[in-house]
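K.L.:
One structure is given below, represented as structure tokens, and several questions about it will come after.
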Amino acid sequence: MSFRPGLERGARTVAVCAVLGLLWLTWRQGGGGAERAPTIWRALPPDSVAAWTFLRQVATAPRRDTLRLQLDALPVPSVRAGLGTLSRGSVGVQWEDRTWARGLAASAQAAARVDGGWVLQVAAPPGTPLVVADAGSTLDSLTAPANGVMGWQLAAVDEAVTVRLPTAALQWLPQDEPPAVAPRVVRLVASPGWEAKFLTAALEEAGWRVDGALEIAPRAIVRIGAAVPATLTPRTVAAVIVLDSAAADVAALTQYVRRGGGLLLAGEAAALARWRAVVPGQVGAVEPGLAGALVSDRPRLGLAAVALRPASDAVLLAVDTLGVRTVRPLVAARRLGEGRVVVSALHETWRWRMEGRDDGAAAHRRWWLDLVESVSARESSGARDRDRPSDWPGAQAPYADLVARIGPPIQAAASPGRSVDAAAGSVVTSSGLDWRFPLFLLALVALLVEWSSRRLRGER
Amino acid sequence: MTHAPFVFATAQYESGDWDSAPMVPANVIDSIARYTSLPVAPQGVVVPLASDAALGHPLLYLTGHLPVRFTPQEAETVRRYCTRGGLLFIDDHNHDIDGAFHKTVREEIARLVGPLRPLPNTHELYRCFFTFEQGPPATSHEMNGWGDNLVHEQLDAVVVDGRIRVLYSNKDYSSEWSYHPDNKRFLSVDNTRFAVNLVVYALTR
């Protein structure tokens, strides 16, 4: 049989070629060859859960490629954080910036103001003349700035707003009047004094309205804020602050808290026997502050405070560390019905503002703002909302946040890499098909054929 | 339990006669005790503007006849005092808009806090306790032959965030209120009632 030697030579040649190819591929993928083309992912999955799943698959894939994203929109904060984590690990992350607005776009939102209104934002090509008008008149005309982004606050809109470019126009019609933001109101129960004065100032500076009636004489009161409504409900008053022994209707305030209101007992009020049933802890004697501490780095230590021992069902919200093992509880809170009661141990906090350092006024304002927000029903739900992705760090400047996490975008260019759509849910394992195993099989089969042919011929 | 009483504080400064109206504190304290239930210290205090002690008294009374030039320490205290929310009540004991006190202290306040502007006579200062429909009550000293012989129709003020930081008067309340409180019985209308409004405003706004 004359064809068998030829078959055997052919099989040996195929096996040798397969082995050589196998060695070349192994050498190339081991890093000794040219740089591998990155995998290009056109877009991240649109929802954050799918995007996170995709990023986790990338991170746990046995083989780590460079991940190159073509982003038409900025990822949500959690995905940006995931990309940042990837880039700090062993996966290179690159991105092409395709987020720039190239045409005319506009958005309108209800303004977060008491008197309502709208916030209109427009993106247009830089340098383009642009006119904004409603049915009544032209509202503004200008040339789009270099970044192409403009914004207006509109107190009212006459029918529809039209944004016109020389080549395009769009119209926006408000569907509903924007809801006015409910005023943030705190009721103050206190005697006239510096503490009440500066507490009111601090909260008003922070945007709260403080209502109260301060008794100057048995038949003379000074009203602050608006007229105090007869009814006290969580819908009308976010929190009630009781500062001292001024007459306070304990039963009415307790009922208000049980219905969802917030009660803040501060200073002398915390020690009054009438509040013992609701105070979230035991209140002892007033302990003086440390001399000179008001102008130190820890000004709170310079303020007098009542000794506070939180109750078993209370949550300690603030403490001062006095030594290695000594702490001074300052703020404790507990639930009461649907509402919350907070006690603050500090006395005469106005000294923090007046006698402290130049940043004392801001710190004093922050202190009272935090206390009110911790106790008011509305703000406590807001505190929970702080975990929303939109409130994450970087949410105000997502582009800068993305650059800070994974670096600036690369120039978009024709790339030799493969193009894959991440939305399809595929997993990054390789930049192409792995030919090494088929080559190995081919070499094995070729050698088997060559060996079988020789044995059938009676050769060894 | 009651909180700390109100303490009437007079500002002491180096350049002039800060103590030219020694009976004013006692008279104001008497009126506070007479008309209100506010806890008030029976005696006033004198606080040097050059010290941080002034910051512990959010209402300060300053008067004099002579030119006022604050030392650097006093100027820093005045700046901090007004920035942080204190109310500095300055009364021109000369009741003279051409006088040295008037010219110099207004310059100092403009330099450290801001320009003084007329305070509307509808301001809550004139209604927070007693009601003064015409604005600041006139004094018997404004046309006594001394000073500028004018009836000053308004007070001036530096207002920040809706609150008075500096209140300036040419009406010479320092002369009007500087008498022994016992002598109020000889007056048909107590001329220190405006001082009560001043203290009430300071304590509540």
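Chain labels A, B, ... are given in the sequence in which chains occur in the structure tokens; within each chain residues are numbered consecutively from 1, and ligands are likewise numbered from 1 in the order shown.
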May I ask you to extract the residues of chain B within 6 Å of chain A, using only C-alpha atoms, and to give them as a list of chain:residue names?
P.N.:
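The complete set of qualifying residues is B:Thr36, B:Ser37, B:Leu55, B:Arg84, B:Leu203, B:Thr204, B:Arg205.
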K.L.:
I need the helix (DSSP H, G or I) residues of chain B per DSSP on the backbone, written as a PyMOL selection string.
P.N.:
chain B and resi 24-35+52-56+72-84+100-112+124-126+173-176+181-186+193-204
K.L.:
Name the closest residue to Leu86 (chain A) among the candidates A:Ile406, A:Ala332, A:Ala105, A:Leu371; distances are taken between atoms, counting only C-alpha atoms.
P.N.:
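Using only C-alpha atoms, the shortest distance to Leu86 (chain A) belongs to A:Ile406.
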K.L.:
Using only C-alpha atoms, find the one residue out of B:Ala4, B:Val200, B:Ala21, B:Val47 that sits nearest to Arg127 (chain B).
P.N.:
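Of B:Ala4, B:Val200, B:Ala21, B:Val47, the one nearest Arg127 (chain B) is B:Val200, counting only C-alpha atoms.
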K.L.:
Check the DSSP output for the backbone and give back, as a PyMOL selection string, the residues of region 23-116 of chain B in strand (DSSP E or B).
P.N.:
chain B and resi 40+45-48+59-64+87-92
